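A short write-up of the structure that comes next.
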Amino acid sequence: MTQLDLGENILSGTIPFSIGNLTELSVLSLLSNEFSGEIPIEMNKLTKLEILQLAHNSFHGQLPHNICASGNLVRFSASNNYFTGVVPSSLKNCSSLVRLRLVGNQIAGNMTESFGVYPNLDYIDLSENNFHGHLSSKWGKCSNMTSLKISNNNLSGHIPTELSEATKLQELDLSSNHLTGVIPKELGKMTLLINLLLSNNNFSGNVPIQISSLRELETLDLSRNNFSGLIIKELSMLPKLSNLSMAENRFNGTIPVDLGQLKSLRYLDLGENLLDGTIPSSLGQLMMLEILNLSHNNLSGVIPSSFDGMLSLTSVDISYNQLEGPLPNTPFGFKNATFDELRDNKGLCGNVTGIEHCLASSSGDSPHHHHKHVVLILVLTLAFITAAILALWISCRLYQNKGPKESHATETRTHNLFAIWSYDGKMVYEDIIEATQDFDDKHLIGVGGFGSIYKAELSTGQVVAVKKLHSTPNDEEMPNLKTFHREIQVLTEIRHRNIVKLYGFCSHSRCCFLVYEIIEMGSINKILGNDEEAVQFDWNRRRYISAKNILLDLEYEAHVSDFGTSKILNPNSSNSTSFAGTFGYAAPEFAYTMEVNEKCDVYSFGILALEILLGKHPGDVASSSCMTMTHASTLDDNNSLLKDKLDLRLPFPTNPVAGELIQIVKIASACLTESPCSRPTMEQVVKELVVANME
């Protein structure tokens with residue numbers, strides 16, 4: 001036997017001594033089971049191992065001593081066990097190693113002495129162990145390394161400047177240690193860095209201006225250190241920066257106006273510093289920003305009116321400053337802020353409990369201004385939903401590559417499993433049965449590809465949507481329950497205001513169901529199919545995204561439903577099978593490549609944009625319909641071509657709405673280009689939508 005894969009089962013007990021007889025093994029996978037005990041010494045006889053996976057079990061004791069005695073080991077994973085002791089000497093000198101995962105154990109030893117130089121190493125994660133000592137300069141000689149993660153250990157000393165020689169590094173995580181000194185300016189040479197995580201250490205000084213060279217950087221976390229000085233304006237030169245946290249330091253001075261150039265920023269935390277001055281109005285240009293924390297500083301003045309246009313903002317904390325004046329009129333962020341997120345300021349006013357109401361303004365918006373505001377909300381909301389879907393797709397891909405750390409909460413072995421919810425599963429199951437009257441049809445609100453959807457009002461008063469699955473986890477097509485629950489848990493942790501929240505999953509001998517937040521108005525598909533509702537869904541409200549999996553609330557805010565569940569509910573399906581649920585939206589190249597990528601999504605977006613404008617699916621004439629509408633140069637009442645194409649149930653649009661609609665058609669046309677490489681990216685689509693509205 002050369003390969004033995006027992007991964008992703010519910011096997012328990014210890015590894016038998018007889019495993020040492022499998023001397024020809026090159027691949028051994030025991031990951032994600034319930035094995036325990038020590039690794040038998042007989043495993044040292046497996047000298048031909050190239051891949052050894054022991055992760056996600058309950059092993060203890062020391063790692064196999066001769067794990068890389070023959071120099072053949074390529075991949076070794078022992079994450080999330082209870083291993084102790086030190087790193088075996090054979091592993092220290094294992095030059096063949098490509099990927100190493102030891103995260104989540106109790107392995108100790110001096111970091112400098114425990115590891116050598118690995119010319120082929122691509123990925124290493126030593127986080128959540130008991131390593132001590134200094135970071136070795138040898139890591140810089142791992143010329144092929146893309147990920148180095150040593151968080152949550154007991155490391156001390158400085159970051160060696162030699163680390164900058166690892167120029168292929170994309171992720172550096174040294175958070176939660178005892179590191180000191182400054183950030184070496186030489187790190188500016190690591191131009192491929194995507195994530196730089198240095199939080200919860202004892203770093204000091206300022207951020208070197210050379211960090212502006214890290215043009216691929218998406219996450220920069222410097223929080224909970226002793227950094228001081230001004231926040232450097234060079235941070236604004238990082239075009240892809242999405243998450244910036246500099247909280248709990250000693251940064252002083254004003255917030256740089258240049259930060260308004262970070263158009264991709266979604267998370268900004270400058271809380272608990274020594275910042276003063278006013279909030280720059282340029283921050284109102286951060287149209288993608290979702291979370292903003294400026295609390296516990298000495299900021300003064302009024303909040304800029306430019307914040308009114310921050311439509312993606314969902315969470316704001318400006319407490320413990322000297323701010324005054326009215327709260328911005330944002331649809332979500334400030335509107336939904338709690339008193340604790342606004343408290344201890346000089347004189348804020350607004351419609352928040354505990355805050356004084358503002359004096360009524362004598363000036364009113366003109367009809368034109370009101371109209372532009374409505375259109376801006378609608379167009380930008382779609383832009384943010386589009387960006388969110390892309391970002392979440394990337395997040396899920398990263399999750400698949402990294403693998404989750406199992407939660408002990410999902411280990412319950414009963415017939416009433418609701419481990420994702422943190423209370424008794426039987427109670428949850430009975431509550432759902434009672435609320436739906438055993439899934440009576442009078443509570444039925446829709447039918448999907450995998451199940452029927454019911455409206456349920458729980459005894460707590462909470463109203464939820466319950467999708468009762470057509471099949472059960474006992475069927476052959478369902479995945480292993482342990483893996484399935486792990487996937488469900490990841491989906492429950494996804495947070496975005498335009499993603500329908502999944503509360504959890506319940507498995508019972510009688511039935512299985514998913515529990516979601518309820519979105520009041522239902523799917524766009526249902527609305528477009530009802531003439532009365534379609535008329536209410538006028539040009540000012542229409543969004544151009546999926547008609548079946550997009551739900552609208554009472555404010556016509558769009559929410560993506562069933563995000564990520566299709567594949568885990570039918571894990572054995574190919575991409576082509578899973579695409580059957582979205583027939584009519586697939587890009588033409590899918591027929592021969594059978595691969596789904598971002599450019600396929602761009603094409604689908606074009607189809608869906610057209611569908612909302614036409615009031616129905618465009619069918620096989622999507623491209624011709626789109627091109628015909630695009631070639632219309634004017635939008636007056638005599639333009640019969642445009643009149644014939646748009647949804648006839650609504651009155652023909654007049655300017656400026658008509659002008660914006662034709663720009664949307666042009667964007668859809670670009671998305672439907674036959675050649676994938678000629679289609680825009682979703683990021684470009686978002687920008688074009690914003691520009692279309694601004695014009």
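Chain labels follow the order of the structure tokens: the first chain is A, the next B, and so on; residue numbering restarts at 1 in every chain, and ligands are counted from 1 in their shown order.
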Identify, on the basis of only C-alpha atoms, every residue whose closest approach to Gln210 of chain A does not exceed 9 Å; exclude the query and any residue fewer than 6 positions from it along the same chain; express the result as number ranges by chain. A: 185-189, 234
Hey, what's within 9 Å of Asn249 of chain A if we count only C-alpha atoms and toss same-chain stuff fewer than 6 positions away? As a PDB file with N, CA and C atoms, in the first residue's frame, please?
ATOM      1  N   SER A 204       7.050  49.745  18.634  1.00  0.00           N
ATOM      2  CA  SER A 204       7.048  51.180  18.934  1.00  0.00           C
ATOM      3  C   SER A 204       7.490  51.954  17.701  1.00  0.00           C
ATOM      4  N   LEU A 222      -2.163  46.891  12.897  1.00  0.00           N
ATOM      5  CA  LEU A 222      -1.107  47.342  13.803  1.00  0.00           C
ATOM      6  C   LEU A 222      -1.662  47.613  15.197  1.00  0.00           C
ATOM      7  N   SER A 223      -2.863  47.178  15.480  1.00  0.00           N
ATOM      8  CA  SER A 223      -3.547  47.518  16.723  1.00  0.00           C
ATOM      9  C   SER A 223      -2.849  46.926  17.941  1.00  0.00           C
ATOM     10  N   ARG A 224      -3.106  47.550  19.084  1.00  0.00           N
ATOM     11  CA  ARG A 224      -2.626  47.095  20.395  1.00  0.00           C
ATOM     12  C   ARG A 224      -1.104  46.953  20.434  1.00  0.00           C
ATOM     13  N   ASN A 225      -0.437  48.046  20.142  1.00  0.00           N
ATOM     14  CA  ASN A 225       1.011  48.140  20.258  1.00  0.00           C
ATOM     15  C   ASN A 225       1.354  49.462  20.932  1.00  0.00           C
ATOM     16  N   ASN A 226       2.593  49.905  20.776  1.00  0.00           N
ATOM     17  CA  ASN A 226       3.026  51.188  21.341  1.00  0.00           C
ATOM     18  C   ASN A 226       3.494  52.141  20.252  1.00  0.00           C
ATOM     19  N   PHE A 227       2.904  52.034  19.064  1.00  0.00           N
ATOM     20  CA  PHE A 227       3.251  52.947  17.987  1.00  0.00           C
ATOM     21  C   PHE A 227       2.889  54.379  18.381  1.00  0.00           C
ATOM     22  N   SER A 228       3.649  55.335  17.861  1.00  0.00           N
ATOM     23  CA  SER A 228       3.401  56.742  18.191  1.00  0.00           C
ATOM     24  C   SER A 228       3.692  57.600  16.967  1.00  0.00           C
ATOM     25  N   LEU A 270      -9.396  53.457  14.129  1.00  0.00           N
ATOM     26  CA  LEU A 270      -8.372  54.343  14.685  1.00  0.00           C
ATOM     27  C   LEU A 270      -8.660  54.635  16.149  1.00  0.00           C
ATOM     28  N   GLY A 271      -9.489  53.819  16.769  1.00  0.00           N
ATOM     29  CA  GLY A 271      -9.916  54.052  18.140  1.00  0.00           C
ATOM     30  C   GLY A 271      -8.793  53.936  19.154  1.00  0.00           C
ATOM     31  N   GLU A 272      -8.991  54.605  20.302  1.00  0.00           N
ATOM     32  CA  GLU A 272      -8.079  54.545  21.447  1.00  0.00           C
ATOM     33  C   GLU A 272      -6.659  54.959  21.077  1.00  0.00           C
ATOM     34  N   ASN A 273      -6.560  56.168  20.521  1.00  0.00           N
ATOM     35  CA  ASN A 273      -5.281  56.794  20.266  1.00  0.00           C
ATOM     36  C   ASN A 273      -5.302  58.195  20.883  1.00  0.00           C
ATOM     37  N   LEU A 274      -4.440  59.084  20.404  1.00  0.00           N
ATOM     38  CA  LEU A 274      -4.362  60.449  20.920  1.00  0.00           C
ATOM     39  C   LEU A 274      -4.660  61.447  19.810  1.00  0.00           C
TER      40      LEU A 274
END
Residues of segment 186-299 of chain A within 12 Å of segment 157-169 of chain A: nearest atom pair and distance (Å, one decimal) for each, counting only C-alpha atoms, sorted by chain and number, as CSV?
residue,atom,partner,partner_atom,distance
A:Glu186,CA,A:Ser164,CA,5.9
A:Leu187,CA,A:Ser164,CA,5.1
A:Gly188,CA,A:Ser164,CA,7.7
A:Lys189,CA,A:Ser164,CA,6.1
A:Met190,CA,A:Thr167,CA,4.7
A:Thr191,CA,A:Thr167,CA,7.0
A:Leu192,CA,A:Lys168,CA,6.1
A:Leu193,CA,A:Leu169,CA,5.8
A:Ile194,CA,A:Leu169,CA,8.5
A:Asn195,CA,A:Leu169,CA,9.5
A:Leu196,CA,A:Leu169,CA,10.1
A:Leu198,CA,A:Ile159,CA,10.4
A:Asn201,CA,A:Gly157,CA,10.5
A:Asn202,CA,A:Gly157,CA,9.6
A:Phe203,CA,A:His158,CA,8.6
A:Ser204,CA,A:His158,CA,10.7
A:Leu214,CA,A:Thr167,CA,11.1
A:Glu216,CA,A:Leu169,CA,11.2
A:Leu217,CA,A:Leu169,CA,11.3
Using backbone DSSP assignments, extract all strand (DSSP E or B) residues from segment 206-315 of chain A; output them as a ChimeraX atom specification. /A:219-221,226-230,243-245,250-253,267-269,274-277,291-293,298-302,315
Just C-alpha atoms for this one: save the residues we selected as a PDB file, in the first residue's frame.
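As written to disk, selection39.pdb reads:
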ATOM      1  CA  THR A 219      -5.110  44.007   5.416  1.00  0.00           C
ATOM      2  CA  LEU A 220      -2.849  45.997   7.739  1.00  0.00           C
ATOM      3  CA  ASP A 221      -3.379  45.363  11.457  1.00  0.00           C
ATOM      4  CA  ASN A 226       3.026  51.188  21.341  1.00  0.00           C
ATOM      5  CA  PHE A 227       3.251  52.947  17.987  1.00  0.00           C
ATOM      6  CA  SER A 228       3.401  56.742  18.191  1.00  0.00           C
ATOM      7  CA  GLY A 229       3.731  59.827  16.029  1.00  0.00           C
ATOM      8  CA  LEU A 230       1.524  60.982  13.191  1.00  0.00           C
ATOM      9  CA  ASN A 243      -8.885  46.560   6.359  1.00  0.00           C
ATOM     10  CA  LEU A 244      -6.865  49.090   8.343  1.00  0.00           C
ATOM     11  CA  SER A 245      -6.603  48.845  12.122  1.00  0.00           C
ATOM     12  CA  ARG A 250      -0.348  56.349  20.827  1.00  0.00           C
ATOM     13  CA  PHE A 251      -0.771  57.919  17.401  1.00  0.00           C
ATOM     14  CA  ASN A 252      -1.307  61.679  17.674  1.00  0.00           C
ATOM     15  CA  GLY A 253      -2.093  64.631  15.473  1.00  0.00           C
ATOM     16  CA  TYR A 267     -12.861  48.511   7.816  1.00  0.00           C
ATOM     17  CA  LEU A 268     -11.166  51.468   9.507  1.00  0.00           C
ATOM     18  CA  ASP A 269     -10.297  51.412  13.221  1.00  0.00           C
ATOM     19  CA  LEU A 274      -4.362  60.449  20.920  1.00  0.00           C
ATOM     20  CA  LEU A 275      -5.838  61.914  17.744  1.00  0.00           C
ATOM     21  CA  ASP A 276      -7.209  65.458  17.764  1.00  0.00           C
ATOM     22  CA  GLY A 277      -8.571  68.001  15.306  1.00  0.00           C
ATOM     23  CA  ILE A 291     -17.130  49.662   9.842  1.00  0.00           C
ATOM     24  CA  LEU A 292     -15.685  52.882  11.292  1.00  0.00           C
ATOM     25  CA  ASN A 293     -14.233  53.279  14.796  1.00  0.00           C
ATOM     26  CA  ASN A 298      -9.869  63.874  21.288  1.00  0.00           C
ATOM     27  CA  LEU A 299     -11.615  64.666  18.000  1.00  0.00           C
ATOM     28  CA  SER A 300     -13.716  67.837  17.904  1.00  0.00           C
ATOM     29  CA  GLY A 301     -16.045  69.781  15.635  1.00  0.00           C
ATOM     30  CA  VAL A 302     -18.984  68.486  13.626  1.00  0.00           C
ATOM     31  CA  SER A 315     -21.268  50.124  12.181  1.00  0.00           C
TER      32      SER A 315
END
Please provide the set of residues having any atom within 6 Å of segment 458-470 of chain A, restricted to only C-alpha atoms, with same-chain residues fewer than 5 positions apart removed, written as an mmCIF file with all heavy atoms, in the first residue's frame.
data_model
loop_
_atom_site.group_PDB
_atom_site.id
_atom_site.type_symbol
_atom_site.label_atom_id
_atom_site.label_comp_id
_atom_site.auth_asym_id
_atom_site.auth_seq_id
_atom_site.Cartn_x
_atom_site.Cartn_y
_atom_site.Cartn_z
ATOM 1 N N ALA A 435 -44.105 26.558 15.583
ATOM 2 C CA ALA A 435 -44.335 27.829 14.896
ATOM 3 C C ALA A 435 -44.894 27.637 13.496
ATOM 4 O O ALA A 435 -45.655 28.479 12.998
ATOM 5 C CB ALA A 435 -43.033 28.631 14.832
ATOM 6 N N PHE A 450 -33.835 23.382 -3.294
ATOM 7 C CA PHE A 450 -33.488 22.373 -2.300
ATOM 8 C C PHE A 450 -34.563 22.185 -1.242
ATOM 9 O O PHE A 450 -34.453 21.287 -0.422
ATOM 10 C CB PHE A 450 -32.165 22.745 -1.612
ATOM 11 C CG PHE A 450 -30.976 22.612 -2.501
ATOM 12 C CD1 PHE A 450 -30.384 23.742 -3.041
ATOM 13 C CD2 PHE A 450 -30.444 21.374 -2.819
ATOM 14 C CE1 PHE A 450 -29.288 23.640 -3.868
ATOM 15 C CE2 PHE A 450 -29.343 21.264 -3.646
ATOM 16 C CZ PHE A 450 -28.766 22.390 -4.176
ATOM 17 N N GLY A 451 -35.592 23.027 -1.244
ATOM 18 C CA GLY A 451 -36.597 22.861 -0.215
ATOM 19 C C GLY A 451 -37.687 23.909 -0.283
ATOM 20 O O GLY A 451 -37.669 24.806 -1.123
ATOM 21 N N SER A 452 -38.645 23.764 0.624
ATOM 22 C CA SER A 452 -39.752 24.702 0.737
ATOM 23 C C SER A 452 -39.482 25.668 1.885
ATOM 24 O O SER A 452 -38.934 25.276 2.921
ATOM 25 C CB SER A 452 -41.057 23.944 0.991
ATOM 26 O OG SER A 452 -41.316 23.030 -0.062
ATOM 27 N N ILE A 453 -39.902 26.932 1.701
ATOM 28 C CA ILE A 453 -39.606 27.962 2.684
ATOM 29 C C ILE A 453 -40.884 28.337 3.433
ATOM 30 O O ILE A 453 -41.926 28.587 2.824
ATOM 31 C CB ILE A 453 -39.000 29.211 2.013
ATOM 32 C CG1 ILE A 453 -37.702 28.845 1.275
ATOM 33 C CG2 ILE A 453 -38.696 30.285 3.049
ATOM 34 C CD1 ILE A 453 -37.859 28.573 -0.175
ATOM 35 N N CYS A 512 -35.012 17.900 7.956
ATOM 36 C CA CYS A 512 -33.869 18.784 8.151
ATOM 37 C C CYS A 512 -34.236 20.160 7.622
ATOM 38 O O CYS A 512 -34.967 20.278 6.633
ATOM 39 C CB CYS A 512 -32.650 18.271 7.389
ATOM 40 S SG CYS A 512 -32.160 16.608 7.857
ATOM 41 N N PHE A 513 -33.746 21.197 8.276
ATOM 42 C CA PHE A 513 -34.062 22.526 7.789
ATOM 43 C C PHE A 513 -32.976 23.528 8.142
ATOM 44 O O PHE A 513 -32.208 23.344 9.085
ATOM 45 C CB PHE A 513 -35.424 23.008 8.307
ATOM 46 C CG PHE A 513 -35.616 22.885 9.799
ATOM 47 C CD1 PHE A 513 -35.083 23.818 10.672
ATOM 48 C CD2 PHE A 513 -36.343 21.826 10.324
ATOM 49 C CE1 PHE A 513 -35.280 23.711 12.043
ATOM 50 C CE2 PHE A 513 -36.545 21.710 11.689
ATOM 51 C CZ PHE A 513 -36.014 22.653 12.549
ATOM 52 N N LEU A 514 -32.926 24.574 7.322
ATOM 53 C CA LEU A 514 -32.050 25.714 7.543
ATOM 54 C C LEU A 514 -32.895 26.873 8.047
ATOM 55 O O LEU A 514 -34.047 27.038 7.627
ATOM 56 C CB LEU A 514 -31.361 26.125 6.242
ATOM 57 C CG LEU A 514 -30.376 25.110 5.663
ATOM 58 C CD1 LEU A 514 -30.228 25.341 4.170
ATOM 59 C CD2 LEU A 514 -29.019 25.220 6.328
ATOM 60 N N VAL A 515 -32.332 27.684 8.943
ATOM 61 C CA VAL A 515 -33.068 28.806 9.515
ATOM 62 C C VAL A 515 -32.368 30.111 9.138
ATOM 63 O O VAL A 515 -31.182 30.283 9.407
ATOM 64 C CB VAL A 515 -33.175 28.687 11.052
ATOM 65 C CG1 VAL A 515 -33.991 29.841 11.617
ATOM 66 C CG2 VAL A 515 -33.802 27.356 11.431
ATOM 67 N N TYR A 516 -33.120 31.013 8.481
ATOM 68 C CA TYR A 516 -32.592 32.286 7.997
ATOM 69 C C TYR A 516 -33.346 33.456 8.633
ATOM 70 O O TYR A 516 -34.459 33.293 9.136
ATOM 71 C CB TYR A 516 -32.775 32.415 6.482
ATOM 72 C CG TYR A 516 -31.956 31.480 5.638
ATOM 73 C CD1 TYR A 516 -32.440 30.232 5.258
ATOM 74 C CD2 TYR A 516 -30.702 31.863 5.172
ATOM 75 C CE1 TYR A 516 -31.701 29.387 4.444
ATOM 76 C CE2 TYR A 516 -29.954 31.029 4.357
ATOM 77 C CZ TYR A 516 -30.455 29.792 3.999
ATOM 78 O OH TYR A 516 -29.720 28.967 3.193
ATOM 79 N N GLU A 517 -32.731 34.627 8.557
ATOM 80 C CA GLU A 517 -33.503 35.829 8.849
ATOM 81 C C GLU A 517 -34.552 35.984 7.755
ATOM 82 O O GLU A 517 -34.365 35.533 6.622
ATOM 83 C CB GLU A 517 -32.604 37.062 8.896
ATOM 84 C CG GLU A 517 -32.043 37.498 7.548
ATOM 85 C CD GLU A 517 -31.343 38.837 7.605
ATOM 86 O OE1 GLU A 517 -31.891 39.770 8.230
ATOM 87 O OE2 GLU A 517 -30.248 38.956 7.026
ATOM 88 N N ILE A 518 -35.666 36.594 8.079
ATOM 89 C CA ILE A 518 -36.736 36.737 7.094
ATOM 90 C C ILE A 518 -36.643 38.104 6.426
ATOM 91 O O ILE A 518 -36.367 39.111 7.077
ATOM 92 C CB ILE A 518 -38.122 36.523 7.740
ATOM 93 C CG1 ILE A 518 -39.179 36.359 6.657
ATOM 94 C CG2 ILE A 518 -38.480 37.659 8.702
ATOM 95 C CD1 ILE A 518 -40.452 35.716 7.150
#
Atom-to-atom span, atom CA of Pro256 of chain A and atom CA of Val685 of chain A, Å: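 Between these atoms lies a distance of 28.9 Å.
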Residue neighbourhood segment 342-356 of chain A, 12 Å, only C-alpha atoms, exclusion window fewer than 5 positions, as a PDB file with N, CA and C atoms, in the first residue's frame:
ATOM      1  N   ASN A 293     -14.421  53.069  13.365  1.00  0.00           N
ATOM      2  CA  ASN A 293     -14.233  53.279  14.796  1.00  0.00           C
ATOM      3  C   ASN A 293     -13.229  54.405  15.011  1.00  0.00           C
ATOM      4  N   LEU A 294     -13.723  55.508  15.555  1.00  0.00           N
ATOM      5  CA  LEU A 294     -12.867  56.652  15.896  1.00  0.00           C
ATOM      6  C   LEU A 294     -12.953  56.954  17.390  1.00  0.00           C
ATOM      7  N   SER A 295     -13.441  56.021  18.177  1.00  0.00           N
ATOM      8  CA  SER A 295     -13.719  56.253  19.589  1.00  0.00           C
ATOM      9  C   SER A 295     -12.451  56.473  20.414  1.00  0.00           C
ATOM     10  N   HIS A 296     -12.652  57.053  21.617  1.00  0.00           N
ATOM     11  CA  HIS A 296     -11.571  57.235  22.593  1.00  0.00           C
ATOM     12  C   HIS A 296     -10.384  57.994  22.001  1.00  0.00           C
ATOM     13  N   ASN A 297     -10.682  59.155  21.413  1.00  0.00           N
ATOM     14  CA  ASN A 297      -9.662  60.079  20.964  1.00  0.00           C
ATOM     15  C   ASN A 297     -10.029  61.462  21.501  1.00  0.00           C
ATOM     16  N   ASN A 298      -9.517  62.511  20.876  1.00  0.00           N
ATOM     17  CA  ASN A 298      -9.869  63.874  21.288  1.00  0.00           C
ATOM     18  C   ASN A 298     -10.333  64.673  20.073  1.00  0.00           C
ATOM     19  N   LEU A 299     -11.120  64.021  19.212  1.00  0.00           N
ATOM     20  CA  LEU A 299     -11.615  64.666  18.000  1.00  0.00           C
ATOM     21  C   LEU A 299     -12.696  65.678  18.352  1.00  0.00           C
ATOM     22  N   SER A 300     -12.755  66.766  17.608  1.00  0.00           N
ATOM     23  CA  SER A 300     -13.716  67.837  17.904  1.00  0.00           C
ATOM     24  C   SER A 300     -14.403  68.287  16.624  1.00  0.00           C
ATOM     25  N   GLY A 301     -15.332  69.246  16.783  1.00  0.00           N
ATOM     26  CA  GLY A 301     -16.045  69.781  15.635  1.00  0.00           C
ATOM     27  C   GLY A 301     -17.242  68.919  15.253  1.00  0.00           C
ATOM     28  N   VAL A 302     -17.804  69.213  14.094  1.00  0.00           N
ATOM     29  CA  VAL A 302     -18.984  68.486  13.626  1.00  0.00           C
ATOM     30  C   VAL A 302     -18.560  67.353  12.704  1.00  0.00           C
ATOM     31  N   ILE A 303     -19.451  66.380  12.559  1.00  0.00           N
ATOM     32  CA  ILE A 303     -19.210  65.282  11.626  1.00  0.00           C
ATOM     33  C   ILE A 303     -19.523  65.794  10.228  1.00  0.00           C
ATOM     34  N   SER A 315     -21.635  50.047  10.766  1.00  0.00           N
ATOM     35  CA  SER A 315     -21.268  50.124  12.181  1.00  0.00           C
ATOM     36  C   SER A 315     -20.362  51.331  12.405  1.00  0.00           C
ATOM     37  N   VAL A 316     -20.721  52.158  13.389  1.00  0.00           N
ATOM     38  CA  VAL A 316     -19.967  53.368  13.698  1.00  0.00           C
ATOM     39  C   VAL A 316     -19.771  53.470  15.203  1.00  0.00           C
ATOM     40  N   ASP A 317     -18.551  53.824  15.632  1.00  0.00           N
ATOM     41  CA  ASP A 317     -18.288  54.106  17.042  1.00  0.00           C
ATOM     42  C   ASP A 317     -17.448  55.377  17.115  1.00  0.00           C
ATOM     43  N   ILE A 318     -18.073  56.469  17.599  1.00  0.00           N
ATOM     44  CA  ILE A 318     -17.365  57.749  17.739  1.00  0.00           C
ATOM     45  C   ILE A 318     -17.405  58.220  19.188  1.00  0.00           C
ATOM     46  N   SER A 319     -17.636  57.286  20.104  1.00  0.00           N
ATOM     47  CA  SER A 319     -17.777  57.634  21.518  1.00  0.00           C
ATOM     48  C   SER A 319     -16.468  58.176  22.097  1.00  0.00           C
ATOM     49  N   TYR A 320     -16.614  58.929  23.208  1.00  0.00           N
ATOM     50  CA  TYR A 320     -15.477  59.458  23.964  1.00  0.00           C
ATOM     51  C   TYR A 320     -14.585  60.354  23.096  1.00  0.00           C
ATOM     52  N   ASN A 321     -15.204  61.382  22.526  1.00  0.00           N
ATOM     53  CA  ASN A 321     -14.504  62.433  21.813  1.00  0.00           C
ATOM     54  C   ASN A 321     -15.104  63.771  22.243  1.00  0.00           C
ATOM     55  N   GLN A 322     -14.887  64.816  21.451  1.00  0.00           N
ATOM     56  CA  GLN A 322     -15.458  66.132  21.727  1.00  0.00           C
ATOM     57  C   GLN A 322     -16.315  66.595  20.547  1.00  0.00           C
ATOM     58  N   LEU A 323     -16.984  65.655  19.905  1.00  0.00           N
ATOM     59  CA  LEU A 323     -17.759  65.961  18.706  1.00  0.00           C
ATOM     60  C   LEU A 323     -19.091  66.606  19.065  1.00  0.00           C
ATOM     61  N   GLU A 324     -19.621  67.372  18.132  1.00  0.00           N
ATOM     62  CA  GLU A 324     -20.894  68.049  18.365  1.00  0.00           C
ATOM     63  C   GLU A 324     -21.654  68.169  17.046  1.00  0.00           C
ATOM     64  N   GLY A 325     -22.909  68.627  17.148  1.00  0.00           N
ATOM     65  CA  GLY A 325     -23.719  68.841  15.961  1.00  0.00           C
ATOM     66  C   GLY A 325     -24.524  67.611  15.576  1.00  0.00           C
ATOM     67  N   PRO A 326     -25.241  67.686  14.443  1.00  0.00           N
ATOM     68  CA  PRO A 326     -26.146  66.596  14.041  1.00  0.00           C
ATOM     69  C   PRO A 326     -25.404  65.367  13.533  1.00  0.00           C
ATOM     70  N   LEU A 327     -26.011  64.221  13.767  1.00  0.00           N
ATOM     71  CA  LEU A 327     -25.485  62.982  13.223  1.00  0.00           C
ATOM     72  C   LEU A 327     -25.770  62.935  11.727  1.00  0.00           C
ATOM     73  N   PRO A 328     -24.875  62.364  10.929  1.00  0.00           N
ATOM     74  CA  PRO A 328     -25.112  62.262   9.478  1.00  0.00           C
ATOM     75  C   PRO A 328     -26.374  61.462   9.178  1.00  0.00           C
ATOM     76  N   ASN A 329     -26.968  61.788   8.047  1.00  0.00           N
ATOM     77  CA  ASN A 329     -28.209  61.132   7.636  1.00  0.00           C
ATOM     78  C   ASN A 329     -27.913  59.924   6.763  1.00  0.00           C
ATOM     79  N   THR A 330     -27.107  58.993   7.283  1.00  0.00           N
ATOM     80  CA  THR A 330     -26.803  57.769   6.534  1.00  0.00           C
ATOM     81  C   THR A 330     -27.926  56.763   6.723  1.00  0.00           C
ATOM     82  N   GLY A 333     -25.459  53.256   9.022  1.00  0.00           N
ATOM     83  CA  GLY A 333     -24.430  53.402  10.046  1.00  0.00           C
ATOM     84  C   GLY A 333     -24.828  54.222  11.250  1.00  0.00           C
ATOM     85  N   PHE A 334     -25.039  55.531  11.086  1.00  0.00           N
ATOM     86  CA  PHE A 334     -25.390  56.395  12.211  1.00  0.00           C
ATOM     87  C   PHE A 334     -26.837  56.195  12.639  1.00  0.00           C
ATOM     88  N   LYS A 335     -27.683  55.856  11.686  1.00  0.00           N
ATOM     89  CA  LYS A 335     -29.103  55.643  11.987  1.00  0.00           C
ATOM     90  C   LYS A 335     -29.298  54.498  12.971  1.00  0.00           C
ATOM     91  N   ASN A 336     -28.464  53.472  12.858  1.00  0.00           N
ATOM     92  CA  ASN A 336     -28.589  52.296  13.717  1.00  0.00           C
ATOM     93  C   ASN A 336     -27.612  52.294  14.883  1.00  0.00           C
ATOM     94  N   ALA A 337     -26.878  53.384  15.077  1.00  0.00           N
ATOM     95  CA  ALA A 337     -25.895  53.433  16.160  1.00  0.00           C
ATOM     96  C   ALA A 337     -26.592  53.401  17.521  1.00  0.00           C
TER      97      ALA A 337
END
What's the separation between atom CA of Gln53 of chain A and atom CA of Gly71 of chain A, in Å to one decimal place? 16.8 Å
With only C-alpha atoms as the counted atoms, please give the residues lying no more than 9 Å from Val117 of chain A, apart from itself and same-chain residues fewer than 2 positions off, as a PyMOL selection string. chain A and resi 92-95+115+119+121+138-142
Produce a file of the selected residues containing C-alpha atoms, as a CSV table (one decimal), in the first residue's frame.
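Contents of result-v2.csv, freshly written:
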chain,number,residue,atom,x,y,z
A,92,LYS,CA,14.3,21.0,11.3
A,93,ASN,CA,16.5,19.7,8.5
A,94,CYS,CA,13.7,18.7,6.1
A,95,SER,CA,14.7,20.6,2.9
A,115,PHE,CA,13.7,25.4,12.3
A,119,PRO,CA,14.2,26.2,0.0
A,121,LEU,CA,8.7,25.9,1.6
A,138,LYS,CA,16.8,32.1,8.4
A,139,TRP,CA,13.1,32.7,7.4
A,140,GLY,CA,14.4,35.2,4.8
A,141,LYS,CA,16.2,32.4,3.0
A,142,CYS,CA,13.0,30.5,2.4
